[in-house]
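Chemist: Below you'll find model.cif; it's mmCIF, C-alpha atoms and all ligand atoms.
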data_my_file
loop_
_atom_site.label_atom_id
_atom_site.label_comp_id
_atom_site.auth_asym_id
_atom_site.auth_seq_id
_atom_site.Cartn_x
_atom_site.Cartn_y
_atom_site.Cartn_z
CA MET A 1 8.90 -27.72 -7.97
CA THR A 2 7.44 -25.49 -5.25
CA ARG A 3 10.07 -23.38 -3.51
CA LEU A 4 10.17 -23.56 0.28
CA LEU A 5 9.34 -20.10 1.65
CA LYS A 6 11.61 -18.95 4.46
CA ASP A 7 10.62 -16.82 7.40
CA TYR A 8 12.78 -13.78 8.12
CA PRO A 9 12.00 -12.47 11.64
CA SER A 10 14.00 -9.30 10.98
CA VAL A 11 11.59 -8.16 8.24
CA ALA A 12 8.27 -9.57 9.52
CA LEU A 13 6.49 -7.54 12.20
CA LYS A 14 4.12 -9.59 14.33
CA PRO A 15 0.84 -7.90 15.33
CA GLU A 16 0.93 -9.75 18.67
CA ASN A 17 4.22 -8.00 19.55
CA LEU A 18 2.81 -4.52 19.02
CA ASP A 19 1.72 -2.53 22.00
CA GLY A 20 0.00 0.75 21.22
CA ARG A 21 1.19 3.31 18.72
CA ILE A 22 4.28 2.25 16.74
CA ASP A 23 7.65 3.94 17.05
CA PHE A 24 8.90 3.79 13.46
CA VAL A 25 12.45 4.75 14.45
CA ARG A 26 12.59 1.66 16.67
CA ILE A 27 11.05 -0.59 14.04
CA PHE A 28 13.45 0.44 11.29
CA GLY A 29 16.41 1.10 13.57
CA ARG A 30 16.82 4.60 12.17
CA SER A 31 14.84 7.73 11.32
CA GLY A 32 13.71 8.58 7.79
CA PRO A 33 10.54 9.11 5.78
CA VAL A 34 8.04 6.29 6.27
CA HIS A 35 6.08 4.83 3.35
CA ILE A 36 3.24 2.39 3.88
CA GLU A 37 1.88 0.17 1.12
CA ILE A 38 -1.57 -1.24 1.77
CA GLY A 39 -2.24 -4.55 -0.01
CA THR A 40 1.34 -5.43 -0.87
CA GLY A 41 0.54 -8.65 -2.74
CA LYS A 42 3.83 -10.25 -3.84
CA ALA A 43 5.79 -7.10 -2.84
CA THR A 44 7.17 -6.27 -6.29
CA PHE A 45 6.51 -2.54 -5.84
CA LEU A 46 7.69 -2.50 -2.23
CA LEU A 47 11.03 -4.12 -3.07
CA ASN A 48 11.82 -2.05 -6.13
CA GLN A 49 10.84 1.19 -4.43
CA ALA A 50 12.82 0.38 -1.28
CA ARG A 51 15.88 -0.39 -3.39
CA GLY A 52 15.39 2.85 -5.36
CA GLN A 53 14.97 4.98 -2.21
CA PRO A 54 17.47 3.52 0.28
CA ASP A 55 17.14 6.49 2.66
CA ASP A 56 13.39 5.91 3.10
CA ASN A 57 11.66 3.24 5.20
CA PHE A 58 8.94 1.00 3.73
CA LEU A 59 6.25 -0.96 5.53
CA GLY A 60 3.95 -3.32 3.63
CA ILE A 61 0.57 -4.40 4.99
CA GLU A 62 -0.89 -7.58 3.55
CA TRP A 63 -3.84 -9.53 4.83
CA ALA A 64 -3.67 -12.72 2.74
CA ARG A 65 -1.38 -15.30 4.35
CA LYS A 66 -0.26 -16.73 1.00
CA TYR A 67 0.96 -13.35 -0.34
CA TYR A 68 2.38 -12.32 3.02
CA ARG A 69 4.57 -15.46 3.24
CA TYR A 70 5.70 -15.04 -0.33
CA ALA A 71 6.55 -11.37 0.35
CA VAL A 72 8.49 -12.15 3.57
CA ASP A 73 10.61 -14.70 1.73
CA ARG A 74 11.29 -12.27 -1.12
CA ILE A 75 12.14 -9.31 1.13
CA GLY A 76 14.49 -11.54 3.14
CA ARG A 77 16.25 -12.88 0.06
CA TRP A 78 16.72 -9.38 -1.40
CA GLY A 79 18.51 -8.45 1.83
CA LEU A 80 17.09 -4.94 2.03
CA THR A 81 17.25 -3.41 5.50
CA ASN A 82 14.69 -0.64 4.90
CA VAL A 83 11.63 -2.88 4.39
CA ARG A 84 9.24 -4.45 6.90
CA ILE A 85 5.97 -6.26 6.38
CA ILE A 86 3.05 -7.14 8.62
CA ARG A 87 0.18 -9.56 8.10
CA THR A 88 -2.88 -7.73 9.33
CA GLU A 89 -6.04 -5.90 8.25
CA ALA A 90 -4.98 -2.43 7.19
CA ALA A 91 -7.89 -0.33 8.51
CA ALA A 92 -7.65 -1.74 12.04
CA PHE A 93 -3.84 -1.48 11.93
CA LEU A 94 -3.94 2.22 11.06
CA THR A 95 -6.50 2.95 13.75
CA ASP A 96 -4.74 1.06 16.53
CA PHE A 97 -1.04 1.37 15.76
CA VAL A 98 -0.06 4.22 13.42
CA PRO A 99 0.67 7.56 15.13
CA ASP A 100 -0.71 10.92 13.98
CA ASN A 101 1.40 12.80 11.41
CA SER A 102 3.95 9.98 11.07
CA VAL A 103 3.71 8.74 7.46
CA SER A 104 5.22 10.46 4.42
CA CYS A 105 3.40 8.45 1.78
CA PHE A 106 0.67 5.83 1.46
CA HIS A 107 0.73 3.63 -1.63
CA ILE A 108 -2.50 1.83 -2.47
CA TYR A 109 -2.22 0.03 -5.76
CA PHE A 110 -5.05 -2.04 -7.20
CA PRO A 111 -7.12 -2.30 -4.01
CA ASP A 112 -9.71 -5.09 -4.22
CA PRO A 113 -12.62 -3.47 -6.14
CA TRP A 114 -15.47 -5.65 -4.82
CA PRO A 115 -17.45 -5.03 -8.03
CA LYS A 116 -20.88 -6.25 -6.87
CA ARG A 117 -22.95 -3.42 -5.39
CA ARG A 118 -23.85 -5.42 -2.30
CA HIS A 119 -20.10 -5.87 -1.62
CA HIS A 120 -19.14 -2.20 -1.98
CA LYS A 121 -19.12 -1.85 1.81
CA ARG A 122 -16.03 -4.13 1.84
CA ARG A 123 -13.99 -1.66 -0.23
CA PHE A 124 -11.01 -0.21 1.62
CA PHE A 125 -11.79 3.34 0.50
CA CYS A 126 -14.58 4.79 2.59
CA ALA A 127 -14.90 8.03 4.56
CA ALA A 128 -13.71 6.47 7.84
CA ASN A 129 -10.57 4.92 6.33
CA LEU A 130 -9.72 8.09 4.42
CA GLU A 131 -9.97 9.96 7.72
CA GLN A 132 -7.47 7.53 9.25
CA LEU A 133 -5.09 7.88 6.28
CA LEU A 134 -5.20 11.68 6.65
CA ARG A 135 -4.66 11.50 10.40
CA CYS A 136 -1.53 9.35 9.92
CA LEU A 137 -0.08 11.45 7.08
CA LYS A 138 2.41 14.19 7.82
CA LYS A 139 1.80 17.65 6.44
CA ASP A 140 2.78 17.49 2.74
CA GLY A 141 2.52 13.70 2.94
CA GLN A 142 1.14 11.95 -0.11
CA LEU A 143 -1.57 9.44 -0.84
CA ARG A 144 -1.05 7.58 -4.14
CA ILE A 145 -3.70 5.37 -5.63
CA VAL A 146 -3.92 3.25 -8.78
CA THR A 147 -6.84 1.10 -9.90
CA ASP A 148 -8.22 -0.44 -13.08
CA HIS A 149 -11.78 -0.12 -11.81
CA ALA A 150 -13.66 2.96 -13.13
CA ASP A 151 -16.52 2.80 -10.63
CA TYR A 152 -14.21 2.41 -7.62
CA PHE A 153 -12.02 5.23 -8.94
CA GLU A 154 -15.07 7.50 -9.17
CA GLN A 155 -15.96 6.66 -5.57
CA ILE A 156 -12.41 7.49 -4.46
CA GLU A 157 -12.43 10.81 -6.34
CA LYS A 158 -15.74 11.77 -4.69
CA LEU A 159 -14.35 10.97 -1.23
CA MET A 160 -11.30 13.12 -1.95
CA ALA A 161 -13.38 16.01 -3.34
CA VAL A 162 -15.32 16.48 -0.11
CA GLN A 163 -12.04 16.99 1.76
CA GLY A 164 -11.80 20.45 0.19
CA GLU A 165 -8.61 22.29 1.10
CA ARG A 166 -7.28 19.51 3.36
CA LEU A 167 -5.97 17.87 0.18
CA GLU A 168 -4.39 19.10 -3.01
CA GLU A 169 -4.23 16.96 -6.15
CA ILE A 170 -0.68 16.58 -7.48
CA GLU A 171 0.85 14.92 -10.52
CA PHE A 172 1.17 11.14 -10.34
CA PHE A 173 4.75 10.29 -11.29
CA PRO A 174 5.72 6.69 -12.19
CA THR A 175 7.58 4.87 -9.42
CA ALA A 176 11.22 3.69 -9.29
CA GLY A 177 10.42 0.10 -10.25
CA ALA A 178 8.01 0.91 -13.05
CA ASP A 179 9.08 -0.17 -16.54
CA ARG A 180 8.29 1.88 -19.63
CA GLY A 181 4.54 2.38 -19.97
CA GLU A 182 3.86 1.42 -16.35
CA TRP A 183 2.86 3.60 -13.41
CA VAL A 184 3.87 1.45 -10.46
CA GLY A 185 5.11 -1.91 -11.81
CA THR A 186 3.02 -4.09 -9.50
CA ASN A 187 2.02 -7.63 -10.50
CA PHE A 188 -1.60 -6.56 -10.98
CA GLU A 189 -0.63 -3.61 -13.15
CA ARG A 190 1.48 -5.88 -15.36
CA LYS A 191 -1.39 -8.34 -15.72
CA TYR A 192 -3.93 -5.63 -16.50
CA LEU A 193 -1.70 -3.84 -19.00
CA LYS A 194 -1.41 -7.12 -20.92
CA ASP A 195 -5.22 -7.28 -20.92
CA GLN A 196 -5.24 -3.64 -22.16
CA ARG A 197 -7.45 -2.50 -19.30
CA PRO A 198 -7.57 1.25 -18.58
CA ILE A 199 -5.56 2.28 -15.51
CA TYR A 200 -6.59 5.23 -13.30
CA THR A 201 -4.11 7.09 -11.09
CA LEU A 202 -4.54 9.69 -8.39
CA ALA A 203 -2.04 11.43 -6.10
CA VAL A 204 -2.92 13.97 -3.43
CA ARG A 205 -0.92 15.95 -0.89
CA LYS A 206 -2.07 16.71 2.66
CA THR A 207 -1.95 20.48 3.01
C1 LIG B 301 -5.78 -6.87 -6.07
S1 LIG B 301 -4.47 -7.24 -4.97
C2 LIG B 301 -3.20 -6.07 -5.46
C3 LIG B 301 -1.84 -6.47 -4.96
C4 LIG B 301 -0.70 -5.50 -5.36
N1 LIG B 301 -0.91 -4.18 -4.80
C5 LIG B 301 -0.57 -5.39 -6.86
O1 LIG B 301 -0.94 -4.35 -7.44
O2 LIG B 301 -0.10 -6.37 -7.46
C6 LIG B 301 -5.06 -6.52 -3.46
C7 LIG B 301 -4.26 -7.00 -2.27
O3 LIG B 301 -4.68 -6.29 -1.12
C8 LIG B 301 -4.82 -7.19 -0.02
N2 LIG B 301 -5.81 -6.58 0.87
C9 LIG B 301 -7.10 -6.31 0.56
N3 LIG B 301 -7.72 -5.70 1.59
C10 LIG B 301 -6.79 -5.58 2.58
C11 LIG B 301 -6.83 -5.04 3.88
N4 LIG B 301 -7.96 -4.49 4.37
N5 LIG B 301 -5.71 -5.08 4.63
C12 LIG B 301 -4.56 -5.63 4.13
N6 LIG B 301 -4.47 -6.15 2.89
C13 LIG B 301 -5.57 -6.13 2.12
C14 LIG B 301 -5.26 -8.48 -0.66
O4 LIG B 301 -4.99 -9.61 0.14
C15 LIG B 301 -4.45 -8.47 -1.97
O5 LIG B 301 -3.19 -9.08 -1.80
#
Can you turn what I pasted into C-alpha cells?
Modeler:
Amino acid sequence: MTRLLKDYPSVALKPENLDGRIDFVRIFGRSGPVHIEIGTGKATFLLNQARGQPDDNFLGIEWARKYYRYAVDRIGRWGLTNVRIIRTEAAAFLTDFVPDNSVSCFHIYFPDPWPKRRHHKRRFFCAANLEQLLRCLKKDGQLRIVTDHADYFEQIEKLMAVQGERLEEIEFFPTAGADRGEWVGTNFERKYLKDQRPIYTLAVRKT
C-alpha cells in the first residue's frame, strides 16, 4: 500500500516566500554552522547527519518533486529541528538567495552525471557553479563530493585544480550515517556498492 506523504510546513522552505539573501539564523531559529546538501534525493544522508550533529543546521535542496515530497515527510516524521528542505534548482538558489561566506559545508553526493557528451552542459559542476559554491563558503568551509562516474569526477578535479591556492584538498572522512564500507550512506551509494561500482570522493577546504 502506498503511504500518504504528509507536508510539514516547519521543515519545508517555500521559494515563493524568500525575499533576497537568506538569513540562516532566522530560518533555523538559532545560529550554528550551516550545511547544504545539493540533490538530497530521499534525504537519508541529510537525516542521519543532522541527527549525528545536533548543533549544526542542515538545508537540503532537491529539484524533483517526488523526492522532495518524500524527504519532507521523512524529515517531519523524524522530528529533527535542525533540518530544512527546499524544492528548487540549486544553481539559481545559490546565486539568488545564499549570502557570501555563510556556509560551513556543501555536500554533493552522486550528482546526476549526464553521461552523454551532448548533455555534459547539464552537469551541476561547471566553472560558474563552482564560483558560486566558493562565494557562499566561509573561510575553512568544506566542499565534499562523491560520485561513481569516472569522467565526471575527472571534470570536477580539473575545475578544482585551476582554483590554485583558493582551495586545499583535505582527507574525505566517512559521514555520521555511513555504515561500514560506505562513505556517505546515501541511497545511491548503497545501490552502487551492491553493483560493485567504483566510488570517487573529494573534499576541499576554502583557504
Ligand atoms: C543521482 S540522485 C542522488 C541523490 C542522493 N544524493 C543520493 O546519493 O542518494 C541526484 C539528485 O539530485 C537532484 N538534482 C539534480 N540536479 C539538481 C539541481 N540542479 N538542483 C537541485 N536538485 C538537483 C535530482 O533530482 C536527484 O534527486
Chemist: Pick out the residues no farther than 7 Å from ligand LIG 301 (chain B), counting all atoms listed in the file, and list them as a ChimeraX atom specification.
Modeler: /A:38-42,61-64,67,88-91,108-112,124,186-189
Chemist: For atom CA of A:Phe45 and atom CA of A:His119, quote the distance in Å rounded to one decimal.
Modeler: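 Spanning atom CA of A:Phe45 to atom CA of A:His119 is a straight-line distance of 27.1 Å.
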Chemist: When you draw a straight line from atom CA of A:Ala203 to atom CA of A:Arg69, how long is it in Å?
Modeler: 29.2 Å
Chemist: Which is closer to A:Leu130 than all the others in A:Ser102, A:Arg65, A:Lys206, A:Gly181, using only C-alpha atoms?
Modeler: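 Closest to A:Leu130 of all the choices is A:Lys206.
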Chemist: With all atoms listed in the file as the atoms that count, which of A:Glu169, A:Glu182, A:Asp96, A:Asp73 lies nearest to A:Leu5?
Modeler: A:Asp73
Chemist: Which is closest to A:Leu46 among A:Val184, A:Leu18, A:Val103, A:Ile170, if we use only C-alpha atoms?
Modeler: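 Nearest candidate to A:Leu46 out of A:Val184, A:Leu18, A:Val103, A:Ile170: A:Val184.
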Chemist: Take the point (7.0, 4.4, -12.7) as written in the file and pick out every residue within 10 Å of it, counting all atoms listed in the file; give the list as a list in words.
Modeler: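 So the residues meeting the distance criterion are Phe45, Gln49, Phe172, Phe173, Pro174, Thr175, Ala176, Gly177, Ala178, Asp179, Arg180, Gly181, Glu182, Trp183, Val184, Gly185 and Thr186 of chain A.
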Chemist: Just C-alpha atoms for this one: save the residues we selected as a PDB file, in the frame of the given file.
Modeler:
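Below is the file that was written, selection10.pdb:
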ATOM      1  CA  PHE A  45       6.510  -2.540  -5.840  1.00  0.00           C
ATOM      2  CA  GLN A  49      10.840   1.190  -4.430  1.00  0.00           C
ATOM      3  CA  PHE A 172       1.170  11.140 -10.340  1.00  0.00           C
ATOM      4  CA  PHE A 173       4.750  10.290 -11.290  1.00  0.00           C
ATOM      5  CA  PRO A 174       5.720   6.690 -12.190  1.00  0.00           C
ATOM      6  CA  THR A 175       7.580   4.870  -9.420  1.00  0.00           C
ATOM      7  CA  ALA A 176      11.220   3.690  -9.290  1.00  0.00           C
ATOM      8  CA  GLY A 177      10.420   0.100 -10.250  1.00  0.00           C
ATOM      9  CA  ALA A 178       8.010   0.910 -13.050  1.00  0.00           C
ATOM     10  CA  ASP A 179       9.080  -0.170 -16.540  1.00  0.00           C
ATOM     11  CA  ARG A 180       8.290   1.880 -19.630  1.00  0.00           C
ATOM     12  CA  GLY A 181       4.540   2.380 -19.970  1.00  0.00           C
ATOM     13  CA  GLU A 182       3.860   1.420 -16.350  1.00  0.00           C
ATOM     14  CA  TRP A 183       2.860   3.600 -13.410  1.00  0.00           C
ATOM     15  CA  VAL A 184       3.870   1.450 -10.460  1.00  0.00           C
ATOM     16  CA  GLY A 185       5.110  -1.910 -11.810  1.00  0.00           C
ATOM     17  CA  THR A 186       3.020  -4.090  -9.500  1.00  0.00           C
TER      18      THR A 186
END
Chemist: Between A:Leu133, A:Ile86, A:Val162, A:Leu80, which residue has the minimum interatomic distance to A:Leu59, considering all atoms listed in the file?
Modeler: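 So, comparing all the options, the nearest one is A:Ile86.
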Chemist: Calculated over only C-alpha atoms, which of the candidates A:Val72, A:Ala150, A:Ala43, A:Cys126 has the smallest distance to A:Leu4?
Modeler: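 For A:Leu4, the nearest of the candidates is A:Val72.
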Chemist: Around (-14.9, -3.3, -4.8) in the file's own coordinates, what residues are found within 10 Å if you use all atoms listed in the file, given back as a ChimeraX atom specification?
Modeler: /A:111-125,149,151-153
Chemist: If I take atom CA of A:Thr44 and atom CA of A:Ile27, how far is one from the other in Å, to one decimal?
Modeler: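 About the pair atom CA of A:Thr44 and atom CA of A:Ile27: they are 21.5 Å apart.
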Chemist: Which one of A:Phe28, A:Tyr70, A:Phe93, A:Phe106 sits closest to A:Arg144 if you count only C-alpha atoms?
Modeler: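 Answer, going by the shortest atom-to-atom distance: A:Phe106.
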Chemist: Grab all the atoms of stretch 83-98 of chain A that the file lists, wrap them in a box along x, y and z, add 4 Å per side, and give me centre plus edge lengths in Å (one decimal) as lines of an AutoDock Vina configuration file.
Modeler:
center_x = 1.9
center_y = -2.7
center_z = 10.5
size_x = 27.5
size_y = 21.8
size_z = 20.1
Chemist: If we count all atoms listed in the file, what is near A:Gly141 at a cut-off of 8 Å, once residues fewer than 2 positions away on the same chain are taken out, given as a ChimeraX atom specification?
Modeler: /A:103-105,137-139,143,205-206
Chemist: Can you tell me, as a compact mmCIF listing (two decimals) with C-alpha atoms, keeping the file's coordinate frame, what residues are no more than 9 Å from A:Gly76 when counting only C-alpha atoms, ignoring any on the same chain fewer than 2 positions away?
Modeler:
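Saved to around-v2.txt:
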# COMPACT_ATOMS: atom_id res chain seq x y z
CA LYS A 6 11.61 -18.95 4.46
CA ASP A 7 10.62 -16.82 7.40
CA TYR A 8 12.78 -13.78 8.12
CA PRO A 9 12.00 -12.47 11.64
CA SER A 10 14.00 -9.30 10.98
CA VAL A 11 11.59 -8.16 8.24
CA ALA A 71 6.55 -11.37 0.35
CA VAL A 72 8.49 -12.15 3.57
CA ASP A 73 10.61 -14.70 1.73
CA ARG A 74 11.29 -12.27 -1.12
CA TRP A 78 16.72 -9.38 -1.40
CA GLY A 79 18.51 -8.45 1.83
CA LEU A 80 17.09 -4.94 2.03
CA THR A 81 17.25 -3.41 5.50
